[in-house]
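upload.cif (mmCIF, C-alpha atoms) appears below.
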```
data_run
#
loop_
_atom_site.group_PDB
_atom_site.id
_atom_site.type_symbol
_atom_site.label_atom_id
_atom_site.label_comp_id
_atom_site.auth_asym_id
_atom_site.auth_seq_id
_atom_site.Cartn_x
_atom_site.Cartn_y
_atom_site.Cartn_z
ATOM 1 C CA MET A 1 0.000 0.000 0.000
ATOM 2 C CA PRO A 2 1.471 3.425 -0.938
ATOM 3 C CA VAL A 3 2.505 5.560 2.017
ATOM 4 C CA TRP A 4 0.156 8.330 0.943
ATOM 5 C CA SER A 5 -2.865 6.016 1.218
ATOM 6 C CA THR A 6 -2.434 5.514 4.959
ATOM 7 C CA HIS A 7 -5.573 6.081 7.045
ATOM 8 C CA ASP A 8 -3.593 7.133 10.126
ATOM 9 C CA PRO A 9 -3.878 10.977 10.301
ATOM 10 C CA HIS A 10 -0.782 11.223 12.499
ATOM 11 C CA GLN A 11 1.291 9.143 10.092
ATOM 12 C CA LYS A 12 0.056 11.190 7.137
ATOM 13 C CA THR A 13 0.981 14.423 8.927
ATOM 14 C CA LEU A 14 4.500 13.097 9.510
ATOM 15 C CA MET A 15 4.834 12.167 5.832
ATOM 16 C CA ILE A 16 3.665 15.585 4.652
ATOM 17 C CA GLY A 17 5.983 17.265 7.161
ATOM 18 C CA ALA A 18 8.947 15.229 5.918
ATOM 19 C CA VAL A 19 8.214 16.171 2.297
ATOM 20 C CA LEU A 20 7.892 19.858 3.219
ATOM 21 C CA ALA A 21 11.206 19.702 5.116
ATOM 22 C CA ILE A 22 12.940 18.244 2.059
ATOM 23 C CA ILE A 23 11.366 20.869 -0.220
ATOM 24 C CA SER A 24 12.428 23.727 2.066
ATOM 25 C CA ASN A 25 16.025 22.477 2.220
ATOM 26 C CA LEU A 26 16.164 22.127 -1.557
ATOM 27 C CA LEU A 27 14.776 25.655 -1.996
ATOM 28 C CA PHE A 28 17.415 27.076 0.360
ATOM 29 C CA ALA A 29 20.036 25.229 -1.685
ATOM 30 C CA VAL A 30 18.708 26.846 -4.877
ATOM 31 C CA LEU A 31 19.048 30.262 -3.243
ATOM 32 C CA TYR A 32 22.648 29.462 -2.321
ATOM 33 C CA PHE A 33 23.910 29.573 -5.898
ATOM 34 C CA TYR A 34 21.373 32.190 -7.045
ATOM 35 C CA SER A 35 24.040 34.892 -7.026
ATOM 36 C CA THR A 36 25.866 33.078 -9.824
ATOM 37 C CA LEU A 37 22.712 33.122 -11.954
ATOM 38 C CA LEU A 38 22.335 36.891 -11.583
ATOM 39 C CA GLN A 39 25.886 37.902 -12.450
ATOM 40 C CA PRO A 40 27.177 40.538 -13.188
ATOM 41 C CA LEU A 41 25.204 41.617 -10.104
ATOM 42 C CA THR A 42 27.444 41.369 -7.035
ATOM 43 C CA GLY A 43 26.520 39.322 -3.972
ATOM 44 C CA THR A 44 25.553 42.511 -2.129
ATOM 45 C CA GLN A 45 23.330 43.686 -4.981
ATOM 46 C CA VAL A 46 21.595 40.302 -5.118
ATOM 47 C CA PHE A 47 21.065 40.525 -1.362
ATOM 48 C CA ILE A 48 19.413 43.952 -1.738
ATOM 49 C CA TRP A 49 17.101 42.656 -4.457
ATOM 50 C CA ARG A 50 16.297 39.629 -2.323
ATOM 51 C CA MET A 51 15.248 41.819 0.621
ATOM 52 C CA LEU A 52 13.028 43.944 -1.599
ATOM 53 C CA THR A 53 11.334 41.070 -3.414
ATOM 54 C CA MET A 54 10.946 39.113 -0.156
ATOM 55 C CA TRP A 55 9.085 42.057 1.395
ATOM 56 C CA LEU A 56 6.774 42.356 -1.632
ATOM 57 C CA THR A 57 6.134 38.602 -1.672
ATOM 58 C CA LEU A 58 5.551 38.377 2.076
ATOM 59 C CA ILE A 59 3.114 41.313 2.134
ATOM 60 C CA SER A 60 1.241 39.853 -0.868
ATOM 61 C CA PHE A 61 1.097 36.426 0.784
ATOM 62 C CA LEU A 62 -0.190 37.774 4.119
ATOM 63 C CA LEU A 63 -2.793 39.974 2.401
ATOM 64 C CA PHE A 64 -3.969 37.055 0.259
ATOM 65 C CA ARG A 65 -4.286 34.804 3.326
ATOM 66 C CA GLY A 66 -5.880 37.604 5.361
ATOM 67 C CA ARG A 67 -3.248 37.240 8.100
ATOM 68 C CA LEU A 68 -1.508 40.628 7.950
ATOM 69 C CA LYS A 69 -3.775 42.110 10.655
ATOM 70 C CA LEU A 70 -2.980 39.158 12.928
ATOM 71 C CA HIS A 71 0.758 39.871 12.783
ATOM 72 C CA LEU A 72 0.189 43.603 13.263
ATOM 73 C CA GLN A 73 -1.930 42.921 16.358
ATOM 74 C CA VAL A 74 0.935 40.939 17.876
ATOM 75 C CA LEU A 75 3.269 43.881 17.289
ATOM 76 C CA ARG A 76 0.845 46.391 18.832
ATOM 77 C CA HIS A 77 1.243 44.670 22.200
ATOM 78 C CA LEU A 78 4.977 45.457 22.165
ATOM 79 C CA ASN A 79 4.771 49.061 23.337
ATOM 80 C CA THR A 80 7.340 49.435 26.126
ATOM 81 C CA PRO A 81 10.903 50.628 25.360
ATOM 82 C CA LYS A 82 12.317 47.290 26.575
ATOM 83 C CA GLN A 83 9.980 45.306 24.324
ATOM 84 C CA LEU A 84 10.756 47.504 21.327
ATOM 85 C CA LEU A 85 14.495 47.189 21.949
ATOM 86 C CA ARG A 86 14.224 43.400 22.036
ATOM 87 C CA LEU A 87 12.179 43.535 18.853
ATOM 88 C CA LEU A 88 14.816 45.554 16.982
ATOM 89 C CA LEU A 89 17.942 44.001 18.495
ATOM 90 C CA PRO A 90 17.983 40.805 16.357
ATOM 91 C CA THR A 91 17.262 42.654 13.088
ATOM 92 C CA PRO A 92 20.929 43.447 12.194
ATOM 93 C CA ILE A 93 21.773 39.759 12.722
ATOM 94 C CA PHE A 94 19.015 38.781 10.305
ATOM 95 C CA PHE A 95 20.316 41.211 7.667
ATOM 96 C CA SER A 96 23.920 40.125 8.052
ATOM 97 C CA GLN A 97 23.063 36.432 7.792
ATOM 98 C CA LEU A 98 21.035 36.847 4.607
ATOM 99 C CA TRP A 99 23.730 39.086 3.115
ATOM 100 C CA LEU A 100 26.410 36.504 3.917
ATOM 101 C CA PHE A 101 24.258 33.737 2.408
ATOM 102 C CA MET A 102 24.186 35.574 -0.943
ATOM 103 C CA TRP A 103 27.729 36.997 -0.801
ATOM 104 C CA ALA A 104 29.712 33.922 0.269
ATOM 105 C CA PRO A 105 29.091 31.575 -2.712
ATOM 106 C CA VAL A 106 30.590 34.017 -5.221
ATOM 107 C CA ASN A 107 33.475 35.055 -2.954
ATOM 108 C CA ASP A 108 35.053 31.635 -2.192
ATOM 109 C CA GLN A 109 33.429 31.414 1.244
ATOM 110 C CA GLY A 110 30.741 28.867 0.379
ATOM 111 C CA VAL A 111 32.389 25.958 2.220
ATOM 112 C CA GLN A 112 32.956 28.088 5.330
ATOM 113 C CA VAL A 113 29.332 29.255 5.460
ATOM 114 C CA ALA A 114 28.089 25.683 4.968
ATOM 115 C CA MET A 115 30.266 24.616 7.908
ATOM 116 C CA GLY A 116 28.702 27.410 9.973
ATOM 117 C CA TYR A 117 25.278 25.893 9.307
ATOM 118 C CA PHE A 118 26.622 22.471 10.330
ATOM 119 C CA LEU A 119 27.782 23.977 13.634
ATOM 120 C CA PHE A 120 24.597 25.976 14.211
ATOM 121 C CA PRO A 121 22.581 23.152 15.915
ATOM 122 C CA LEU A 122 25.565 22.346 18.126
ATOM 123 C CA MET A 123 25.780 25.983 19.184
ATOM 124 C CA MET A 124 22.029 26.001 19.890
ATOM 125 C CA VAL A 125 22.580 23.057 22.262
ATOM 126 C CA LEU A 126 25.393 24.943 24.002
ATOM 127 C CA PHE A 127 23.413 28.192 24.197
ATOM 128 C CA GLY A 128 20.480 26.271 25.657
ATOM 129 C CA PHE A 129 22.754 24.922 28.383
ATOM 130 C CA VAL A 130 24.345 28.293 29.204
ATOM 131 C CA ILE A 131 21.256 30.536 28.967
ATOM 132 C CA PHE A 132 18.291 28.301 29.804
ATOM 133 C CA GLY A 133 20.102 25.761 31.997
ATOM 134 C CA GLU A 134 19.004 22.843 29.804
ATOM 135 C CA ARG A 135 20.723 19.614 30.837
ATOM 136 C CA LEU A 136 22.907 17.915 28.232
ATOM 137 C CA SER A 137 23.186 14.181 27.745
ATOM 138 C CA ARG A 138 26.547 12.432 27.363
ATOM 139 C CA LEU A 139 26.060 12.276 23.600
ATOM 140 C CA GLN A 140 25.358 16.014 23.467
ATOM 141 C CA TRP A 141 28.497 16.736 25.511
ATOM 142 C CA LEU A 142 30.493 14.510 23.138
ATOM 143 C CA ALA A 143 29.019 16.412 20.182
ATOM 144 C CA VAL A 144 30.105 19.755 21.651
ATOM 145 C CA LEU A 145 33.545 18.348 22.567
ATOM 146 C CA PHE A 146 34.332 17.008 19.094
ATOM 147 C CA ALA A 147 33.075 20.182 17.435
ATOM 148 C CA PHE A 148 35.373 22.209 19.736
ATOM 149 C CA LEU A 149 38.305 19.923 18.876
ATOM 150 C CA GLY A 150 37.579 20.297 15.161
ATOM 151 C CA ILE A 151 37.517 24.088 15.379
ATOM 152 C CA SER A 152 40.710 24.069 17.485
ATOM 153 C CA ILE A 153 42.571 21.939 14.927
ATOM 154 C CA GLU A 154 41.415 24.231 12.121
ATOM 155 C CA ILE A 155 42.699 27.267 14.046
ATOM 156 C CA ILE A 156 46.068 25.562 14.630
ATOM 157 C CA ARG A 157 46.298 24.471 10.985
ATOM 158 C CA THR A 158 45.479 27.840 9.426
ATOM 159 C CA GLN A 159 46.479 30.113 12.342
ATOM 160 C CA SER A 160 42.970 31.497 12.003
ATOM 161 C CA VAL A 161 39.369 30.424 11.614
ATOM 162 C CA SER A 162 36.916 31.620 8.995
ATOM 163 C CA TRP A 163 34.973 34.650 10.143
ATOM 164 C CA ALA A 164 32.080 33.469 7.945
ATOM 165 C CA THR A 165 31.827 30.178 9.870
ATOM 166 C CA LEU A 166 31.980 31.935 13.241
ATOM 167 C CA TRP A 167 29.426 34.545 12.233
ATOM 168 C CA VAL A 168 26.848 31.979 11.119
ATOM 169 C CA CYS A 169 27.131 29.650 14.122
ATOM 170 C CA GLY A 170 27.845 32.418 16.647
ATOM 171 C CA THR A 171 25.140 34.993 15.904
ATOM 172 C CA TYR A 172 22.235 32.994 14.461
ATOM 173 C CA PRO A 173 21.551 31.310 17.848
ATOM 174 C CA ILE A 174 21.335 34.785 19.405
ATOM 175 C CA TYR A 175 18.699 35.775 16.838
ATOM 176 C CA TYR A 176 16.540 32.707 17.536
ATOM 177 C CA ILE A 177 16.945 32.940 21.314
ATOM 178 C CA ILE A 178 15.876 36.600 21.433
ATOM 179 C CA ARG A 179 12.865 35.891 19.212
ATOM 180 C CA ARG A 180 12.001 32.916 21.436
ATOM 181 C CA MET A 181 12.206 35.028 24.598
ATOM 182 C CA GLN A 182 9.869 37.543 22.960
ATOM 183 C CA GLY A 183 7.377 34.905 21.841
ATOM 184 C CA ILE A 184 7.616 36.288 18.294
ATOM 185 C CA THR A 185 7.056 33.812 15.476
ATOM 186 C CA ALA A 186 9.514 33.598 12.596
ATOM 187 C CA MET A 187 6.949 35.046 10.189
ATOM 188 C CA THR A 188 6.198 38.063 12.396
ATOM 189 C CA GLY A 189 9.891 38.624 13.014
ATOM 190 C CA MET A 190 10.658 38.480 9.310
ATOM 191 C CA LEU A 191 7.877 40.976 8.590
ATOM 192 C CA VAL A 192 9.471 43.417 11.051
ATOM 193 C CA ASP A 193 12.992 42.829 9.742
ATOM 194 C CA LEU A 194 12.097 43.251 6.071
ATOM 195 C CA THR A 195 9.931 46.329 6.682
ATOM 196 C CA LEU A 196 12.746 48.035 8.597
ATOM 197 C CA PHE A 197 15.174 47.257 5.791
ATOM 198 C CA LEU A 198 12.861 48.430 2.984
ATOM 199 C CA PRO A 199 13.975 52.130 2.956
ATOM 200 C CA ILE A 200 17.629 51.027 3.069
ATOM 201 C CA ALA A 201 17.103 48.731 0.080
ATOM 202 C CA LEU A 202 15.360 51.464 -1.921
ATOM 203 C CA TYR A 203 18.059 54.021 -1.064
ATOM 204 C CA TYR A 204 20.790 51.597 -2.124
ATOM 205 C CA LEU A 205 19.152 50.832 -5.472
ATOM 206 C CA VAL A 206 18.381 54.469 -6.332
ATOM 207 C CA PHE A 207 21.461 56.307 -5.030
ATOM 208 C CA VAL A 208 24.272 53.808 -4.396
ATOM 209 C CA SER A 209 23.862 51.234 -7.155
ATOM 210 C CA PRO A 210 21.418 52.476 -9.817
ATOM 211 C CA GLU A 211 23.179 50.329 -12.429
ATOM 212 C CA SER A 212 21.833 47.222 -10.669
ATOM 213 C CA ILE A 213 18.303 48.312 -11.661
ATOM 214 C CA SER A 214 19.160 48.298 -15.357
ATOM 215 C CA ILE A 215 20.966 44.952 -14.982
ATOM 216 C CA ALA A 216 18.082 43.355 -13.069
ATOM 217 C CA THR A 217 15.472 44.606 -15.556
ATOM 218 C CA GLY A 218 17.670 44.399 -18.652
ATOM 219 C CA SER A 219 16.082 41.199 -19.920
ATOM 220 C CA ALA A 220 12.994 39.123 -19.313
ATOM 221 C CA LEU A 221 15.147 36.346 -17.832
ATOM 222 C CA SER A 222 16.902 38.682 -15.382
ATOM 223 C CA LEU A 223 13.594 40.188 -14.276
ATOM 224 C CA PHE A 224 12.098 36.721 -13.817
ATOM 225 C CA LEU A 225 15.078 35.597 -11.710
ATOM 226 C CA VAL A 226 14.898 38.702 -9.513
ATOM 227 C CA ILE A 227 11.149 38.310 -8.918
ATOM 228 C CA SER A 228 11.459 34.583 -8.241
ATOM 229 C CA LEU A 229 14.238 35.337 -5.746
ATOM 230 C CA GLY A 230 11.691 36.730 -3.299
ATOM 231 C CA ILE A 231 9.080 34.083 -4.052
ATOM 232 C CA ILE A 232 11.520 31.211 -3.480
ATOM 233 C CA SER A 233 12.795 32.838 -0.270
ATOM 234 C CA VAL A 234 9.329 33.155 1.278
ATOM 235 C CA LEU A 235 8.265 29.717 0.006
ATOM 236 C CA ALA A 236 11.401 28.144 1.526
ATOM 237 C CA LEU A 237 10.681 29.748 4.892
ATOM 238 C CA ARG A 238 6.974 28.866 4.767
ATOM 239 C CA THR A 239 7.557 25.185 4.003
ATOM 240 C CA ASN A 240 10.254 25.104 6.686
ATOM 241 C CA LEU A 241 7.877 26.558 9.293
ATOM 242 C CA ASP A 242 5.071 24.151 8.308
ATOM 243 C CA ALA A 243 7.466 21.206 8.553
ATOM 244 C CA SER A 244 8.603 22.326 12.015
ATOM 245 C CA LEU A 245 4.973 22.257 13.192
ATOM 246 C CA MET A 246 4.193 18.845 11.668
ATOM 247 C CA LEU A 247 7.326 16.947 12.688
ATOM 248 C CA PRO A 248 8.635 16.066 16.157
ATOM 249 C CA VAL A 249 11.463 18.369 17.209
ATOM 250 C CA ASN A 250 14.075 15.608 16.942
ATOM 251 C CA VAL A 251 13.004 14.546 13.457
ATOM 252 C CA PHE A 252 12.873 18.146 12.244
ATOM 253 C CA GLY A 253 16.317 18.771 13.732
ATOM 254 C CA MET A 254 17.793 15.746 11.980
ATOM 255 C CA MET A 255 16.284 16.728 8.634
ATOM 256 C CA SER A 256 17.693 20.245 9.046
ATOM 257 C CA TYR A 257 21.162 18.812 8.414
ATOM 258 C CA LEU A 258 20.102 18.187 4.819
ATOM 259 C CA GLU A 259 20.528 21.899 4.009
ATOM 260 C CA PRO A 260 24.180 22.358 5.068
ATOM 261 C CA ALA A 261 25.055 19.021 3.447
ATOM 262 C CA ILE A 262 23.643 20.241 0.124
ATOM 263 C CA LEU A 263 25.266 23.672 0.565
ATOM 264 C CA PHE A 264 28.628 22.038 1.226
ATOM 265 C CA LEU A 265 28.399 19.853 -1.904
ATOM 266 C CA LEU A 266 27.276 22.810 -4.028
ATOM 267 C CA ALA A 267 30.121 24.991 -2.737
ATOM 268 C CA VAL A 268 32.769 22.382 -3.581
ATOM 269 C CA THR A 269 31.343 21.107 -6.890
ATOM 270 C CA VAL A 270 29.085 23.614 -8.645
ATOM 271 C CA LEU A 271 30.587 26.817 -7.216
ATOM 272 C CA GLY A 272 34.174 25.536 -7.218
ATOM 273 C CA ASN A 273 35.015 26.963 -3.775
ATOM 274 C CA PRO A 274 38.416 25.720 -2.503
ATOM 275 C CA PHE A 275 38.546 22.669 -0.248
ATOM 276 C CA GLU A 276 41.879 21.292 0.959
ATOM 277 C CA LEU A 277 42.363 17.650 1.967
ATOM 278 C CA ALA A 278 43.900 18.837 5.249
ATOM 279 C CA MET A 279 40.493 20.317 6.122
ATOM 280 C CA LEU A 280 39.131 16.767 6.433
ATOM 281 C CA TYR A 281 40.802 16.376 9.838
ATOM 282 C CA SER A 282 39.100 19.362 11.437
ATOM 283 C CA TYR A 283 35.845 19.058 9.514
ATOM 284 C CA GLY A 284 35.804 15.308 10.155
ATOM 285 C CA LEU A 285 35.788 15.914 13.912
ATOM 286 C CA ILE A 286 32.968 18.432 13.511
ATOM 287 C CA TRP A 287 30.954 15.927 11.462
ATOM 288 C CA LEU A 288 31.656 13.281 14.114
ATOM 289 C CA GLY A 289 30.206 15.650 16.689
ATOM 290 C CA ILE A 290 27.145 16.084 14.507
ATOM 291 C CA GLY A 291 26.881 12.287 14.348
ATOM 292 C CA PHE A 292 26.697 12.140 18.158
ATOM 293 C CA LEU A 293 23.988 14.816 18.104
ATOM 294 C CA LEU A 294 21.973 12.828 15.554
ATOM 295 C CA LEU A 295 22.415 9.654 17.606
ATOM 296 C CA HIS A 296 21.082 11.487 20.665
ATOM 297 C CA ALA A 297 18.053 12.645 18.655
ATOM 298 C CA ILE A 298 17.383 9.104 17.387
ATOM 299 C CA ARG A 299 17.575 7.644 20.896
ATOM 300 C CA GLN A 300 15.287 10.330 22.253
ATOM 301 C CA LEU A 301 12.803 9.696 19.455
ATOM 302 C CA GLN A 302 12.861 5.944 20.163
ATOM 303 C CA ALA A 303 12.317 6.595 23.883
ATOM 304 C CA ASN A 304 9.337 8.861 23.134
ATOM 305 C CA ARG A 305 7.880 6.174 20.878
ATOM 306 C CA ARG A 306 8.280 3.488 23.562
ATOM 307 C CA ASN A 307 6.631 5.734 26.150
ATOM 308 C CA LYS A 308 3.757 6.408 23.781
ATOM 309 C CA ASN A 309 3.258 2.697 23.072
ATOM 310 C CA GLN A 310 3.325 1.897 26.793
ATOM 311 C CA TRP A 311 0.760 4.605 27.471
ATOM 312 C CA GLN A 312 -1.501 3.284 24.700
ATOM 313 C CA ARG A 313 -1.273 -0.283 26.036
ATOM 314 C CA GLY A 314 -2.059 0.964 29.532
ATOM 315 C CA ALA A 315 -5.047 2.922 28.233
ATOM 316 C CA ARG A 316 -6.421 -0.150 26.457
ATOM 317 C CA VAL A 317 -6.031 -2.293 29.609
ATOM 318 C CA SER A 318 -7.829 0.230 31.759
#
```
Would you write the structure of this file as structure tokens?
Amino acid sequence: MPVWSTHDPHQKTLMIGAVLAIISNLLFAVLYFYSTLLQPLTGTQVFIWRMLTMWLTLISFLLFRGRLKLHLQVLRHLNTPKQLLRLLLPTPIFFSQLWLFMWAPVNDQGVQVAMGYFLFPLMMVLFGFVIFGERLSRLQWLAVLFAFLGISIEIIRTQSVSWATLWVCGTYPIYYIIRRMQGITAMTGMLVDLTLFLPIALYYLVFVSPESISIATGSALSLFLVISLGIISVLALRTNLDASLMLPVNVFGMMSYLEPAILFLLAVTVLGNPFELAMLYSYGLIWLGIGFLLLHAIRQLQANRRNKNQWQRGARVS
């Protein structure tokens, strides 16, 4: 019997969530080499166009779904200076991360950014321990330890460590933690971030880089690529959010590693970013740490399933 013909609503939800997670990761991968498709636009110019088209797409989507007022109502409750400061504080991180995502692939930093996304879940585990006092299992401690060893070896080997890697894994957790403390959803946060950046994007296109307008609208293909840049961005985020709601946290976390894996392969193969064999030692330790994190997630998922089965058997007996 095909998996889609299952009569179990829970199982069907998991299947749909898994498909949406795969689609979102593939869409993010498409965006990763989008800058190469829009050359001679620079990575920064592509980033500006992405911000503008994302804002237009997001506003259109929320108006079409009739959900714009809902997000605005959430924002109206944030009226104290402290709440407003927390609302605006993560915005520069959001901008910098999206700029780096478009800039890195065409500036030989694709591998380093992909490694930052590999390290991101490990840093979230560590931030959770330091800030929220979340207890770590032995496997999680091993994951953090091997990731630290990998980074240390890379620093010793190169006498430095990529700023792109550190920026991705070091600041993105701060963005998510602040949004979590606020109780702001990713969609509401993105609406705020993009709206704040809108005048900057327009100023840049009109006064700083007017030639990018003629390049972006110079042909039907260029215009199509620029417009689809925003559509793909919002669609990738939307499918990612839907998947996060449909899948258990552990399963969603494991599937999230699909994106950096694809980004890494694209950076080395399609984009031709440099990768030295000596990097396998440091990166290998980081990937080993990720393996421990995945093993922890699998064990936790199995334990949850056993507890659920035991509860169901107990309910039937009673």
So the first atom is atom CA of Pro274 of chain A and the second is atom CA of Thr158 of chain A; what is the distance between them in Å, to one decimal place?
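If I compute the distance from atom CA of Pro274 of chain A to atom CA of Thr158 of chain A, I get 14.0 Å.
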Could you state which residues are captured by the PyMOL selection byres ((chain A and resi 57) around 9) in this file, as a PDB file with C-alpha atoms, keeping the file's coordinate frame?
```pdb
ATOM      1  CA  LEU A  52      13.028  43.944  -1.599  1.00  0.00           C
ATOM      2  CA  THR A  53      11.334  41.070  -3.414  1.00  0.00           C
ATOM      3  CA  MET A  54      10.946  39.113  -0.156  1.00  0.00           C
ATOM      4  CA  TRP A  55       9.085  42.057   1.395  1.00  0.00           C
ATOM      5  CA  LEU A  56       6.774  42.356  -1.632  1.00  0.00           C
ATOM      6  CA  LEU A  58       5.551  38.377   2.076  1.00  0.00           C
ATOM      7  CA  ILE A  59       3.114  41.313   2.134  1.00  0.00           C
ATOM      8  CA  SER A  60       1.241  39.853  -0.868  1.00  0.00           C
ATOM      9  CA  PHE A  61       1.097  36.426   0.784  1.00  0.00           C
ATOM     10  CA  LEU A  62      -0.190  37.774   4.119  1.00  0.00           C
ATOM     11  CA  ILE A 227      11.149  38.310  -8.918  1.00  0.00           C
ATOM     12  CA  GLY A 230      11.691  36.730  -3.299  1.00  0.00           C
ATOM     13  CA  ILE A 231       9.080  34.083  -4.052  1.00  0.00           C
ATOM     14  CA  SER A 233      12.795  32.838  -0.270  1.00  0.00           C
ATOM     15  CA  VAL A 234       9.329  33.155   1.278  1.00  0.00           C
TER      16      VAL A 234
END
```
Contact residues around Arg238 of chain A with all atoms listed in the file at 12 Å, ignoring same-chain residues under 6 positions, as a PyMOL selection string:
chain A and resi 17+20-21+23-25+27-28+57-58+61-62+185-188+190+231-232+244-245
Assuming 4 Å of padding per side, give the centre and edge lengths of the axis-aligned box around every listed atom of segment 64-75 of chain A, in Å to one decimal and as lines of an AutoDock Vina configuration file.
```
center_x = -1.3
center_y = 39.3
center_z = 9.1
size_x = 17.1
size_y = 17.1
size_z = 25.6
```
Extract, using all atoms listed in the file, all DNA, RNA and protein residues at most 8 Å from Phe118 of chain A, discarding same-chain residues fewer than 5 positions from it, and format them as a list in words.
Tyr257, Pro260, Ala261, Trp287 and Ile290 of chain A
Do you know which residues the PyMOL selection byres ((chain A and resi 102-109) around 7) returns on this file, as a list in words?
Tyr32, Phe33, Ser35, Thr36, Gly43, Thr44, Val46, Phe47, Leu98, Trp99, Leu100, Phe101, Gly110, Val111, Gln112, Val113, Ala267, Leu271, Asn273 and Pro274 of chain A
One decimal, in Å: what's the spacing between atom CA of Ile22 of chain A and atom CA of Leu145 of chain A?
29.1 Å
So how far away is atom CA of Glu259 of chain A from atom CA of Leu122 of chain A, in Å?
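Atom CA of Leu122 of chain A sits 15.0 Å away from atom CA of Glu259 of chain A.
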Closest of A:Val74, A:Cys169, A:Val30, A:Ala147 to Gln97 of chain A - atom-to-atom distances counting all atoms listed in the file
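Looking at the shortest contact to Gln97 of chain A, the residue is A:Cys169.
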Please identify all polymer residues within 6 Å of Leu139 of chain A, counting only C-alpha atoms, omitting same-chain residues fewer than 2 positions from it, and present them as a list in words.
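The neighbour list is Ser137, Trp141, Leu142, Phe292 and His296 of chain A.
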For the file shown, report as an MDAnalysis selection string the outcome of the PyMOL selection byres ((chain A and resi 126) around 12) at residue level.
chainID A and resid 119:125 127:137 140:145 147:148 169:170 173:174 177 293
Between A:His71, A:Trp163, A:Thr195, A:Arg50, which has the minimum distance to Leu38 of chain A (counting all atoms listed in the file)?
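The shortest atom-to-atom distance to Leu38 of chain A comes from A:Arg50.
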Write out as a count of residues only the residues lying within 8 Å of segment 178-183 of chain A, counting all atoms listed in the file and excluding same-chain residues fewer than 2 positions away.
10
Could you tell me which of A:Pro81, A:Pro92, A:Pro40, A:Pro9 comes closest to Asp193 of chain A if we count only C-alpha atoms?
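Among the listed residues, the smallest separation from Asp193 of chain A belongs to A:Pro92.
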Take segment 281-292 of chain A, bring it up to N, CA, C and O atoms, and give me the output as a JSON list (two decimals), keeping the file's coordinate frame.
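After the write, result_33.json holds the following:
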```
[["chain", "number", "residue", "atom", "x", "y", "z"],
["A", 281, "TYR", "N", 40.54, 16.70, 8.44],
["A", 281, "TYR", "CA", 40.80, 16.38, 9.84],
["A", 281, "TYR", "C", 39.90, 17.20, 10.77],
["A", 281, "TYR", "O", 39.23, 16.65, 11.66],
["A", 282, "SER", "N", 39.91, 18.51, 10.57],
["A", 282, "SER", "CA", 39.10, 19.36, 11.44],
["A", 282, "SER", "C", 37.61, 19.20, 11.15],
["A", 282, "SER", "O", 36.80, 19.05, 12.07],
["A", 283, "TYR", "N", 37.25, 19.19, 9.87],
["A", 283, "TYR", "CA", 35.84, 19.06, 9.51],
["A", 283, "TYR", "C", 35.32, 17.68, 9.88],
["A", 283, "TYR", "O", 34.15, 17.51, 10.23],
["A", 284, "GLY", "N", 36.21, 16.67, 9.79],
["A", 284, "GLY", "CA", 35.80, 15.31, 10.15],
["A", 284, "GLY", "C", 35.40, 15.21, 11.62],
["A", 284, "GLY", "O", 34.42, 14.53, 11.97],
["A", 285, "LEU", "N", 36.14, 15.90, 12.49],
["A", 285, "LEU", "CA", 35.79, 15.91, 13.91],
["A", 285, "LEU", "C", 34.46, 16.63, 14.15],
["A", 285, "LEU", "O", 33.65, 16.21, 14.98],
["A", 286, "ILE", "N", 34.23, 17.70, 13.39],
["A", 286, "ILE", "CA", 32.97, 18.43, 13.51],
["A", 286, "ILE", "C", 31.81, 17.54, 13.07],
["A", 286, "ILE", "O", 30.77, 17.46, 13.73],
["A", 287, "TRP", "N", 32.01, 16.83, 11.94],
["A", 287, "TRP", "CA", 30.95, 15.93, 11.46],
["A", 287, "TRP", "C", 30.74, 14.77, 12.43],
["A", 287, "TRP", "O", 29.62, 14.28, 12.58],
["A", 288, "LEU", "N", 31.80, 14.32, 13.10],
["A", 288, "LEU", "CA", 31.66, 13.28, 14.11],
["A", 288, "LEU", "C", 30.80, 13.79, 15.28],
["A", 288, "LEU", "O", 29.95, 13.06, 15.81],
["A", 289, "GLY", "N", 31.03, 15.05, 15.65],
["A", 289, "GLY", "CA", 30.21, 15.65, 16.69],
["A", 289, "GLY", "C", 28.75, 15.71, 16.28],
["A", 289, "GLY", "O", 27.85, 15.45, 17.09],
["A", 290, "ILE", "N", 28.51, 16.05, 15.02],
["A", 290, "ILE", "CA", 27.14, 16.08, 14.51],
["A", 290, "ILE", "C", 26.53, 14.68, 14.56],
["A", 290, "ILE", "O", 25.34, 14.52, 14.86],
["A", 291, "GLY", "N", 27.36, 13.66, 14.28],
["A", 291, "GLY", "CA", 26.88, 12.29, 14.35],
["A", 291, "GLY", "C", 26.40, 11.93, 15.74],
["A", 291, "GLY", "O", 25.35, 11.28, 15.90],
["A", 292, "PHE", "N", 27.13, 12.38, 16.78],
["A", 292, "PHE", "CA", 26.70, 12.14, 18.16],
["A", 292, "PHE", "C", 25.38, 12.86, 18.45],
["A", 292, "PHE", "O", 24.51, 12.33, 19.16]]
```
